[in-house]
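For reference, model_27.cif is printed below; it contains mmCIF, C-alpha atoms.
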```cif
data_run
loop_
_atom_site.label_atom_id
_atom_site.label_comp_id
_atom_site.auth_asym_id
_atom_site.auth_seq_id
_atom_site.Cartn_x
_atom_site.Cartn_y
_atom_site.Cartn_z
CA MET A 437 15.41 8.76 -7.08
CA LEU A 438 14.74 5.35 -8.64
CA THR A 439 16.31 2.25 -7.11
CA GLN A 440 16.30 -1.04 -8.99
CA VAL A 441 14.92 -3.93 -6.98
CA ALA A 442 14.93 -6.61 -9.67
CA ALA A 443 15.18 -6.66 -13.45
CA GLY A 444 12.55 -4.25 -14.75
CA VAL A 445 11.27 -3.35 -11.26
CA LEU A 446 12.25 -0.07 -9.63
CA VAL A 447 11.19 1.78 -6.50
CA HIS A 448 10.96 5.45 -5.57
CA GLN A 449 10.51 6.24 -1.88
CA SER A 450 8.80 9.39 -0.61
CA ALA A 451 10.36 11.24 2.28
CA LEU A 452 7.68 11.70 4.95
CA LEU A 453 6.06 8.27 5.31
CA ARG A 454 8.54 6.22 3.27
CA ASN A 455 5.83 5.47 0.71
CA ASN A 456 7.12 3.22 -2.02
CA THR A 457 6.10 3.86 -5.61
CA VAL A 458 6.82 0.78 -7.71
CA VAL A 459 7.72 1.11 -11.39
CA VAL A 460 7.31 -2.02 -13.51
CA GLU A 461 8.77 -1.97 -17.02
CA GLY A 462 6.68 -3.40 -19.87
CA GLU A 463 7.03 -3.68 -23.62
CA GLU A 464 5.69 -0.21 -24.46
CA GLY A 465 6.18 1.65 -21.17
CA VAL A 466 5.88 1.38 -17.42
CA LEU A 467 3.12 0.67 -14.91
CA LEU A 468 3.11 2.74 -11.70
CA VAL A 469 1.90 1.21 -8.46
CA ASP A 470 0.79 3.65 -5.74
CA PRO A 471 2.58 6.81 -6.96
CA GLY A 472 3.08 9.45 -4.28
CA ILE A 473 3.00 11.38 -2.28
CA THR A 474 3.62 15.13 -2.72
CA GLU A 475 3.19 17.01 -5.99
CA ASP A 476 6.92 17.76 -6.13
CA GLU A 477 7.88 14.14 -5.53
CA MET A 478 5.55 12.89 -8.25
CA ALA A 479 6.71 15.58 -10.67
CA CYS A 480 10.31 14.57 -10.00
CA LEU A 481 9.44 10.92 -10.61
CA ALA A 482 7.70 11.85 -13.87
CA ASN A 483 10.78 13.79 -14.95
CA ASP A 484 13.10 10.89 -14.13
CA LEU A 485 10.91 8.54 -16.16
CA ALA A 486 10.78 10.93 -19.11
CA GLU A 487 14.53 11.53 -19.09
CA SER A 488 15.13 7.77 -19.18
CA GLY A 489 12.70 7.35 -22.08
CA ARG A 490 10.04 5.58 -20.04
CA THR A 491 6.38 6.33 -20.82
CA VAL A 492 3.66 5.66 -18.25
CA VAL A 493 1.12 3.30 -19.84
CA ALA A 494 -0.84 2.15 -16.77
CA GLY A 495 -1.25 2.54 -13.05
CA PHE A 496 -2.52 0.46 -10.14
CA ALA A 497 -3.77 1.44 -6.70
CA THR A 498 -3.33 -1.32 -4.14
CA HIS A 499 -6.12 0.17 -2.00
CA PRO A 500 -8.14 3.37 -1.55
CA ASP A 501 -6.19 5.13 1.23
CA TRP A 502 -5.34 8.74 0.30
CA ASP A 503 -1.61 8.08 -0.12
CA HIS A 504 -2.08 5.10 -2.46
CA ALA A 505 -4.58 6.42 -5.01
CA LEU A 506 -2.80 9.61 -6.09
CA TRP A 507 -1.72 10.70 -9.56
CA HIS A 508 0.05 13.60 -11.29
CA ALA A 509 -0.76 15.21 -14.63
CA ALA A 510 2.83 14.68 -15.75
CA PHE A 511 2.22 10.92 -15.72
CA GLY A 512 -0.34 11.39 -18.49
CA ASP A 513 -3.83 9.97 -18.82
CA ALA A 514 -2.95 6.27 -18.64
CA VAL A 515 -5.62 3.95 -17.28
CA ARG A 516 -5.32 3.49 -13.53
CA TYR A 517 -6.58 0.12 -12.28
CA GLY A 518 -7.79 -1.09 -8.92
CA THR A 519 -9.94 -3.92 -7.63
CA ASP A 520 -13.69 -3.61 -8.02
CA ARG A 521 -14.15 -2.90 -4.30
CA CYS A 522 -11.33 -0.36 -4.23
CA ALA A 523 -12.79 1.55 -7.19
CA ALA A 524 -16.31 1.45 -5.73
CA TYR A 525 -15.09 2.85 -2.42
CA LEU A 526 -13.34 5.71 -4.19
CA ARG A 527 -16.34 6.48 -6.40
CA ASP A 528 -18.51 6.73 -3.31
CA LEU A 529 -15.97 8.95 -1.55
CA ARG A 530 -15.66 11.33 -4.50
CA SER A 531 -19.45 11.58 -4.81
CA LYS A 532 -19.72 13.39 -1.47
CA ALA A 533 -20.09 17.17 -1.71
CA ASN A 534 -17.26 18.03 0.70
CA TRP A 535 -14.86 15.23 -0.12
CA LYS A 536 -12.00 17.56 -1.06
CA ASN A 537 -12.22 19.29 2.31
CA ASP A 538 -12.21 15.92 4.08
CA PHE A 539 -9.23 14.87 1.97
CA ALA A 540 -7.26 17.99 2.93
CA GLU A 541 -8.11 17.61 6.62
CA GLY A 542 -6.81 14.04 6.59
CA LEU A 543 -3.35 14.96 5.33
CA PRO A 544 -0.38 14.98 7.70
CA PRO A 545 0.25 18.62 8.70
CA GLU A 546 3.84 18.40 7.45
CA ILE A 547 2.62 18.20 3.85
CA ALA A 548 -0.62 20.19 4.04
CA GLY A 549 -1.02 22.00 0.74
CA GLU A 550 1.55 19.81 -1.01
CA VAL A 551 -0.86 17.08 -2.13
CA SER A 552 -3.55 17.81 -4.71
CA PRO A 553 -6.87 15.94 -4.60
CA ASP A 554 -7.74 16.69 -8.24
CA LEU A 555 -6.59 13.37 -9.72
CA PHE A 556 -7.02 11.33 -6.56
CA GLY A 557 -9.13 8.19 -6.76
CA LEU A 558 -9.89 8.14 -10.49
CA ILE A 559 -9.58 4.38 -10.62
CA THR A 560 -10.86 2.00 -13.30
CA ALA A 561 -12.37 -1.08 -11.69
CA LEU A 562 -11.13 -4.45 -12.80
CA PRO A 563 -13.88 -7.08 -13.03
CA ALA A 564 -14.63 -8.63 -9.65
CA GLY A 565 -12.42 -11.63 -9.05
CA SER A 566 -9.72 -10.52 -11.51
CA THR A 567 -6.36 -12.14 -10.88
CA ARG A 568 -4.28 -10.37 -13.54
CA ILE A 569 -3.69 -6.78 -14.69
CA PRO A 570 -4.31 -6.45 -18.44
CA TRP A 571 -1.18 -4.86 -19.84
CA ASP A 572 1.77 -5.52 -22.15
CA GLY A 573 4.39 -6.43 -19.60
CA PRO A 574 5.36 -9.01 -16.95
CA GLU A 575 2.45 -10.93 -15.52
CA LEU A 576 1.11 -9.05 -12.49
CA ARG A 577 -0.90 -11.42 -10.34
CA ILE A 578 -3.50 -9.73 -8.14
CA ILE A 579 -3.85 -11.10 -4.61
CA GLU A 580 -7.00 -9.47 -3.24
CA HIS A 581 -7.77 -9.92 0.44
CA PRO A 582 -9.87 -8.36 3.25
CA ALA A 583 -7.02 -6.94 5.36
CA HIS A 584 -6.44 -3.24 6.09
CA ALA A 585 -8.77 -1.54 3.58
CA PRO A 586 -11.67 -2.27 1.19
CA GLY A 587 -10.50 -4.04 -1.94
CA HIS A 588 -6.87 -4.20 -0.81
CA ALA A 589 -4.63 -6.14 -3.18
CA ALA A 590 -0.99 -7.13 -3.37
CA LEU A 591 0.75 -7.74 -6.68
CA MET A 592 3.01 -10.70 -7.33
CA ILE A 593 5.45 -10.13 -10.20
CA GLY A 594 6.24 -13.79 -10.64
CA GLU A 595 8.85 -13.40 -13.40
CA ARG A 596 10.85 -11.09 -11.14
CA GLY A 597 10.18 -12.69 -7.75
CA VAL A 598 8.79 -9.41 -6.38
CA LEU A 599 5.80 -9.07 -4.05
CA VAL A 600 4.31 -5.56 -3.95
CA ALA A 601 2.50 -5.77 -0.62
CA GLY A 602 0.56 -2.51 -0.36
CA ASP A 603 0.04 -1.47 3.26
CA MET A 604 1.26 -4.72 4.73
CA LEU A 605 4.60 -6.34 5.67
CA SER A 606 6.23 -3.05 6.70
CA ASP A 607 9.36 -2.88 8.80
CA VAL A 608 8.26 0.43 10.38
CA LEU A 609 4.46 0.22 10.64
CA VAL A 610 2.50 -2.35 12.60
CA PRO A 611 -0.60 -3.90 10.98
CA MET A 612 -3.43 -1.39 10.69
CA PHE A 613 -6.95 -2.75 10.76
CA ASP A 614 -10.01 -1.89 8.69
CA ASP A 615 -13.31 -1.06 10.37
CA THR A 616 -15.07 -4.35 9.64
CA ALA A 617 -17.04 -6.87 11.67
CA ASP A 618 -13.89 -8.95 12.17
CA PRO A 619 -10.83 -6.76 11.57
CA LEU A 620 -8.34 -9.11 13.21
CA GLY A 621 -9.69 -12.20 11.47
CA ASP A 622 -9.68 -10.33 8.16
CA TYR A 623 -6.06 -9.36 8.67
CA LEU A 624 -5.04 -12.92 9.45
CA THR A 625 -6.81 -14.02 6.26
CA GLY A 626 -4.81 -11.47 4.28
CA LEU A 627 -1.55 -12.72 5.76
CA ARG A 628 -2.50 -16.30 4.93
CA LEU A 629 -3.12 -15.40 1.29
CA LEU A 630 0.23 -13.61 1.06
CA GLU A 631 1.91 -16.59 2.71
CA GLU A 632 0.76 -18.78 -0.18
CA VAL A 633 3.25 -17.03 -2.49
CA ALA A 634 6.01 -16.40 0.08
CA ASP A 635 8.26 -19.18 -1.17
CA ASP A 636 8.36 -17.53 -4.60
CA VAL A 637 9.32 -14.08 -3.27
CA ASP A 638 12.88 -12.81 -3.58
CA PHE A 639 11.98 -9.19 -2.76
CA VAL A 640 9.04 -7.75 -0.85
CA VAL A 641 8.11 -4.09 -1.33
CA PRO A 642 5.83 -2.74 1.43
CA GLY A 643 3.73 0.37 1.03
CA HIS A 644 5.92 2.02 3.68
CA GLY A 645 9.46 1.19 4.71
CA ALA A 646 12.42 -0.77 3.47
CA VAL A 647 12.40 -3.33 0.68
CA GLY A 648 13.01 -6.80 2.08
CA GLY A 649 15.28 -9.35 0.46
CA ALA A 650 15.43 -13.13 0.48
CA GLY A 651 13.39 -14.66 3.29
CA GLN A 652 11.94 -11.33 4.40
CA ALA A 653 8.44 -11.93 3.01
CA ARG A 654 7.90 -14.91 5.29
CA ALA A 655 9.68 -13.24 8.23
CA ARG A 656 7.46 -10.16 7.96
CA ILE A 657 4.33 -12.28 7.61
CA ASP A 658 5.31 -14.10 10.81
CA GLN A 659 5.98 -10.80 12.59
CA ASP A 660 2.66 -9.30 11.52
CA ARG A 661 0.76 -12.44 12.46
CA ALA A 662 2.38 -12.43 15.92
CA TYR A 663 1.32 -8.80 16.37
CA VAL A 664 -2.29 -9.50 15.35
CA ARG A 665 -2.54 -12.53 17.61
CA ALA A 666 -1.11 -10.61 20.56
CA VAL A 667 -3.67 -7.84 20.09
CA ARG A 668 -6.43 -10.44 19.73
CA ASP A 669 -5.37 -12.19 22.93
CA GLY A 670 -5.02 -8.98 24.96
CA ARG A 671 -1.24 -9.22 25.23
CA THR A 672 1.35 -6.51 24.64
CA PRO A 673 3.07 -7.44 21.38
CA ASP A 674 6.79 -8.15 21.52
CA ASP A 675 7.35 -6.09 18.38
CA PRO A 676 10.38 -3.92 17.51
CA ARG A 677 8.16 -1.37 15.73
CA ILE A 678 6.61 -0.15 18.99
CA GLY A 679 7.85 0.75 22.44
CA SER A 680 11.45 1.59 23.27
CA SER A 681 12.79 -0.29 20.24
CA ALA A 682 10.86 1.82 17.71
CA GLU A 683 13.02 3.53 15.13
CA PRO A 684 13.79 7.19 15.92
CA GLY A 685 11.19 9.37 14.26
CA TRP A 686 8.66 6.54 14.25
CA GLU A 687 7.79 6.56 17.94
CA TRP A 688 4.27 7.65 16.94
CA VAL A 689 3.60 4.08 15.79
CA SER A 690 3.30 3.17 19.48
CA ASP A 691 0.46 5.69 19.74
CA LEU A 692 -1.14 4.16 16.64
CA HIS A 693 -0.94 0.75 18.29
CA ALA A 694 -2.48 2.02 21.52
CA GLY A 695 -5.29 3.68 19.58
CA GLN A 696 -6.07 0.46 17.76
CA VAL A 697 -6.27 -1.47 21.01
CA ARG A 698 -8.67 1.10 22.47
CA SER A 699 -10.81 1.05 19.33
CA LEU A 700 -11.04 -2.73 19.35
CA ALA A 701 -11.96 -2.72 23.02
CA ARG A 702 -14.82 -0.32 22.33
CA GLY A 703 -16.03 -2.54 19.54
CA GLY A 704 -16.01 -5.65 21.65
CA ASP A 705 -14.21 -8.89 20.96
CA ARG A 706 -14.42 -9.14 17.17
CA GLY A 707 -11.18 -11.01 16.55
#
```
Give the structure from the file, written as structure tokens.
Amino acid sequence: MLTQVAAGVLVHQSALLRNNTVVVEGEEGVLLVDPGITEDEMACLANDLAESGRTVVAGFATHPDWDHALWHAAFGDAVRYGTDRCAAYLRDLRSKANWKNDFAEGLPPEIAGEVSPDLFGLITALPAGSTRIPWDGPELRIIEHPAHAPGHAALMIGERGVLVAGDMLSDVLVPMFDDTADPLGDYLTGLRLLEEVADDVDFVVPGHGAVGGAGQARARIDQDRAYVRAVRDGRTPDDPRIGSSAEPGWEWVSDLHAGQVRSLARGGDRG
């Protein structure tokens, strides 16, 4: 289940949405980034780690979407980090009386009942403005930005040349915008911040989809920027992830795109 991307960096991909869990090896154990997504998949990952002698010592949620802030009891009670804004969003969500019902209703029907909310969102906030994860392992640089979700952050593993991009730079999903005053501008800002490290990236791991090799970080940034600009300018994006060129099984991304365009139109020109 685990595929090595670079020395000390491995990836496990979930079946339904191609979610990538990133495993980073440290001195005393491993750090898990965005573990998911079903209970069985996470239990299998925990078993693989245990059989290989790897102990989970920390976690990190790139952002507060349901499929990126999960956890499983078999991983243990290691501290799970997130940005200050990510943690605050999740605290507020979990404070609502019916949040578990809302969580269940938001799951894809294919996995209804296969994802437990019990350990979802229990994130320890890093101090606002933090640029590093405190742990005994490779330096994990936090690149926080306003794109996609509150407190979204990518991780740059500089020693390994790996960019863990969260819900950006996917080969199967188009950019998805947060509900902010300037969602398109915020997304372009996020891409610009990721572009600042692109020349140091040998491998890019998106939240969903295939790991990209040499040159793919910049290529995917360019593709996402072209999509955002086309939406901003009222043009139909020339993008292989939507329309007739969409990968079989991912045709629904075209519907996602159309929904975003309608939502932006209702909100006025905010880009």
Legend entry - Explicit residues for the PyMOL selection byres ((chain A and resi 522) around 6) (as a PyMOL selection string): chain A and resi 499-500+518-521+523-525+586-587
Writer output for current selection, C-alpha atoms, as a PDB file, in the coordinates of the input:
```pdb
ATOM      1  CA  HIS A 499      -6.120   0.170  -2.000  1.00  0.00           C
ATOM      2  CA  PRO A 500      -8.140   3.370  -1.550  1.00  0.00           C
ATOM      3  CA  GLY A 518      -7.790  -1.090  -8.920  1.00  0.00           C
ATOM      4  CA  THR A 519      -9.940  -3.920  -7.630  1.00  0.00           C
ATOM      5  CA  ASP A 520     -13.690  -3.610  -8.020  1.00  0.00           C
ATOM      6  CA  ARG A 521     -14.150  -2.900  -4.300  1.00  0.00           C
ATOM      7  CA  ALA A 523     -12.790   1.550  -7.190  1.00  0.00           C
ATOM      8  CA  ALA A 524     -16.310   1.450  -5.730  1.00  0.00           C
ATOM      9  CA  TYR A 525     -15.090   2.850  -2.420  1.00  0.00           C
ATOM     10  CA  PRO A 586     -11.670  -2.270   1.190  1.00  0.00           C
ATOM     11  CA  GLY A 587     -10.500  -4.040  -1.940  1.00  0.00           C
TER      12      GLY A 587
END
```
Inset, instruction - List the residues matched by the PyMOL selection byres ((chain A and resi 670) around 12) in the displayed structure as a list in words, ordered by chain and then by residue number. - result: Tyr663, Val664, Arg665, Ala666, Val667, Arg668, Asp669, Arg671, Thr672, Pro673, Ala694, Gln696, Val697, Arg698, Leu700, Ala701, Gly704, Asp705 and Gly707 of chain A
The selected residues should be written to file as a PDB file, keeping the file's coordinate frame (atoms: C-alpha atoms).
```pdb
ATOM      1  CA  TYR A 663       1.320  -8.800  16.370  1.00  0.00           C
ATOM      2  CA  VAL A 664      -2.290  -9.500  15.350  1.00  0.00           C
ATOM      3  CA  ARG A 665      -2.540 -12.530  17.610  1.00  0.00           C
ATOM      4  CA  ALA A 666      -1.110 -10.610  20.560  1.00  0.00           C
ATOM      5  CA  VAL A 667      -3.670  -7.840  20.090  1.00  0.00           C
ATOM      6  CA  ARG A 668      -6.430 -10.440  19.730  1.00  0.00           C
ATOM      7  CA  ASP A 669      -5.370 -12.190  22.930  1.00  0.00           C
ATOM      8  CA  ARG A 671      -1.240  -9.220  25.230  1.00  0.00           C
ATOM      9  CA  THR A 672       1.350  -6.510  24.640  1.00  0.00           C
ATOM     10  CA  PRO A 673       3.070  -7.440  21.380  1.00  0.00           C
ATOM     11  CA  ALA A 694      -2.480   2.020  21.520  1.00  0.00           C
ATOM     12  CA  GLN A 696      -6.070   0.460  17.760  1.00  0.00           C
ATOM     13  CA  VAL A 697      -6.270  -1.470  21.010  1.00  0.00           C
ATOM     14  CA  ARG A 698      -8.670   1.100  22.470  1.00  0.00           C
ATOM     15  CA  LEU A 700     -11.040  -2.730  19.350  1.00  0.00           C
ATOM     16  CA  ALA A 701     -11.960  -2.720  23.020  1.00  0.00           C
ATOM     17  CA  GLY A 704     -16.010  -5.650  21.650  1.00  0.00           C
ATOM     18  CA  ASP A 705     -14.210  -8.890  20.960  1.00  0.00           C
ATOM     19  CA  GLY A 707     -11.180 -11.010  16.550  1.00  0.00           C
TER      20      GLY A 707
END
```
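One distance worth recording is that between CA of Val493 in chain A and CA of Val445 in chain A, which is 14.9 Å.
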Hey, which bits of range 470-503 of chain A sit within 10 Å of range 560-569 of chain A, and for each residue what's the closest pair of atoms and how far apart in Å (one decimal), counting only C-alpha atoms, rows by chain and increasing number, as JSON lines?
```
{"residue": "A:Ala494", "atom": "CA", "partner": "A:Ile569", "partner_atom": "CA", "distance": 9.6}
{"residue": "A:Gly495", "atom": "CA", "partner": "A:Thr560", "partner_atom": "CA", "distance": 9.6}
{"residue": "A:Phe496", "atom": "CA", "partner": "A:Ile569", "partner_atom": "CA", "distance": 8.6}
{"residue": "A:Ala497", "atom": "CA", "partner": "A:Thr560", "partner_atom": "CA", "distance": 9.7}
```
Inset, instruction - Would you work out the distance separating CA of Asn456 in chain A from CA of Arg661 in chain A, expressed in Å to one decimal? - result: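 It comes out at 22.3 Å.
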Shell of 10 Å around Leu605 in chain A, only C-alpha atoms, local chain residues under 3 positions omitted, as an mmCIF file with C-alpha atoms, in the frame of the given file:
```
data_model
loop_
_atom_site.group_PDB
_atom_site.id
_atom_site.type_symbol
_atom_site.label_atom_id
_atom_site.label_comp_id
_atom_site.auth_asym_id
_atom_site.auth_seq_id
_atom_site.Cartn_x
_atom_site.Cartn_y
_atom_site.Cartn_z
ATOM 1 C CA VAL A 600 4.310 -5.560 -3.950
ATOM 2 C CA ALA A 601 2.500 -5.770 -0.620
ATOM 3 C CA GLY A 602 0.560 -2.510 -0.360
ATOM 4 C CA VAL A 608 8.260 0.430 10.380
ATOM 5 C CA LEU A 609 4.460 0.220 10.640
ATOM 6 C CA VAL A 610 2.500 -2.350 12.600
ATOM 7 C CA PRO A 611 -0.600 -3.900 10.980
ATOM 8 C CA LEU A 627 -1.550 -12.720 5.760
ATOM 9 C CA LEU A 630 0.230 -13.610 1.060
ATOM 10 C CA VAL A 640 9.040 -7.750 -0.850
ATOM 11 C CA VAL A 641 8.110 -4.090 -1.330
ATOM 12 C CA PRO A 642 5.830 -2.740 1.430
ATOM 13 C CA GLY A 643 3.730 0.370 1.030
ATOM 14 C CA HIS A 644 5.920 2.020 3.680
ATOM 15 C CA GLY A 645 9.460 1.190 4.710
ATOM 16 C CA ALA A 646 12.420 -0.770 3.470
ATOM 17 C CA VAL A 647 12.400 -3.330 0.680
ATOM 18 C CA GLY A 648 13.010 -6.800 2.080
ATOM 19 C CA GLN A 652 11.940 -11.330 4.400
ATOM 20 C CA ALA A 653 8.440 -11.930 3.010
ATOM 21 C CA ARG A 654 7.900 -14.910 5.290
ATOM 22 C CA ALA A 655 9.680 -13.240 8.230
ATOM 23 C CA ARG A 656 7.460 -10.160 7.960
ATOM 24 C CA ILE A 657 4.330 -12.280 7.610
ATOM 25 C CA ASP A 658 5.310 -14.100 10.810
ATOM 26 C CA GLN A 659 5.980 -10.800 12.590
ATOM 27 C CA ASP A 660 2.660 -9.300 11.520
ATOM 28 C CA ARG A 661 0.760 -12.440 12.460
#
```
Inset, instruction - Just give me the gap between CA of Gly472 in chain A and CA of Trp507 in chain A in Å, one decimal is fine. - result: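 Spanning CA of Gly472 in chain A to CA of Trp507 in chain A is a straight-line distance of 7.2 Å.
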Inset, instruction - Might you pull out every residue within 10 Å of His581 in chain A, with all atoms listed in the file counted and same-chain residues fewer than 3 positions away left off, and present them as a list of chain:residue names? - result: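 Counting only the stated atoms, we get A:Ile578, A:His584, A:Ala585, A:Pro586, A:Gly587, A:His588, A:Ala589, A:Ala590, A:Asp622, A:Tyr623, A:Leu624, A:Thr625, A:Gly626, A:Leu627, A:Arg628, A:Leu629, A:Leu630.
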Inset, instruction - Tell me which of A:Asp675, A:Asp635, A:Glu575, A:Glu550 sits closest to Leu591 in chain A, counting only C-alpha atoms. - result: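 Residue with the minimum atom-to-atom distance to Leu591 in chain A: A:Glu575.
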Once the PyMOL selection byres ((chain A and resi 463) around 6) has been evaluated on this model, what residues remain selected, and can you format them as a tab-separated table (two decimals) with C-alpha atoms, keeping the file's coordinate frame?
```
chain	number	residue	atom	x	y	z
A	462	GLY	CA	6.68	-3.40	-19.87
A	464	GLU	CA	5.69	-0.21	-24.46
A	465	GLY	CA	6.18	1.65	-21.17
A	572	ASP	CA	1.77	-5.52	-22.15
A	573	GLY	CA	4.39	-6.43	-19.60
```
Inset, instruction - Within 7 Å of Val459 in chain A, counting only C-alpha atoms, which residues show up once you throw out same-chain ones fewer than 4 positions away? Write them as JSON, numbers by chain, please. - result: {"A": [445, 446, 447, 466, 467, 468, 469]}
Exercise on range 477-480 of chain A, axis-aligned box with 3 Å per side, report centre and edge lengths in Å to one decimal, as JSON:
```
{"center_x": 7.9, "center_y": 14.2, "center_z": -8.1, "size_x": 10.8, "size_y": 8.7, "size_z": 11.1}
```
Inset, instruction - Excluding Ile547 in chain A and any residue of its chain fewer than 5 positions from it, enumerate the residues within 10 Å of it, using all atoms listed in the file, and give them as a ChimeraX atom specification. - result: /A:452,473-475,540
Those same residues - C-alpha atoms - I'd like them written as a JSON list (two decimals), keeping the file's coordinate frame.
```json
[["chain", "number", "residue", "atom", "x", "y", "z"],
["A", 452, "LEU", "CA", 7.68, 11.70, 4.95],
["A", 473, "ILE", "CA", 3.00, 11.38, -2.28],
["A", 474, "THR", "CA", 3.62, 15.13, -2.72],
["A", 475, "GLU", "CA", 3.19, 17.01, -5.99],
["A", 540, "ALA", "CA", -7.26, 17.99, 2.93]]
```
Legend entry - Selection: 12 Å around Met437 in chain A, all atoms listed in the file, excl. self and same-chain fewer than 5 positions, as a ChimeraX atom specification: /A:446-451,456-459,477-485
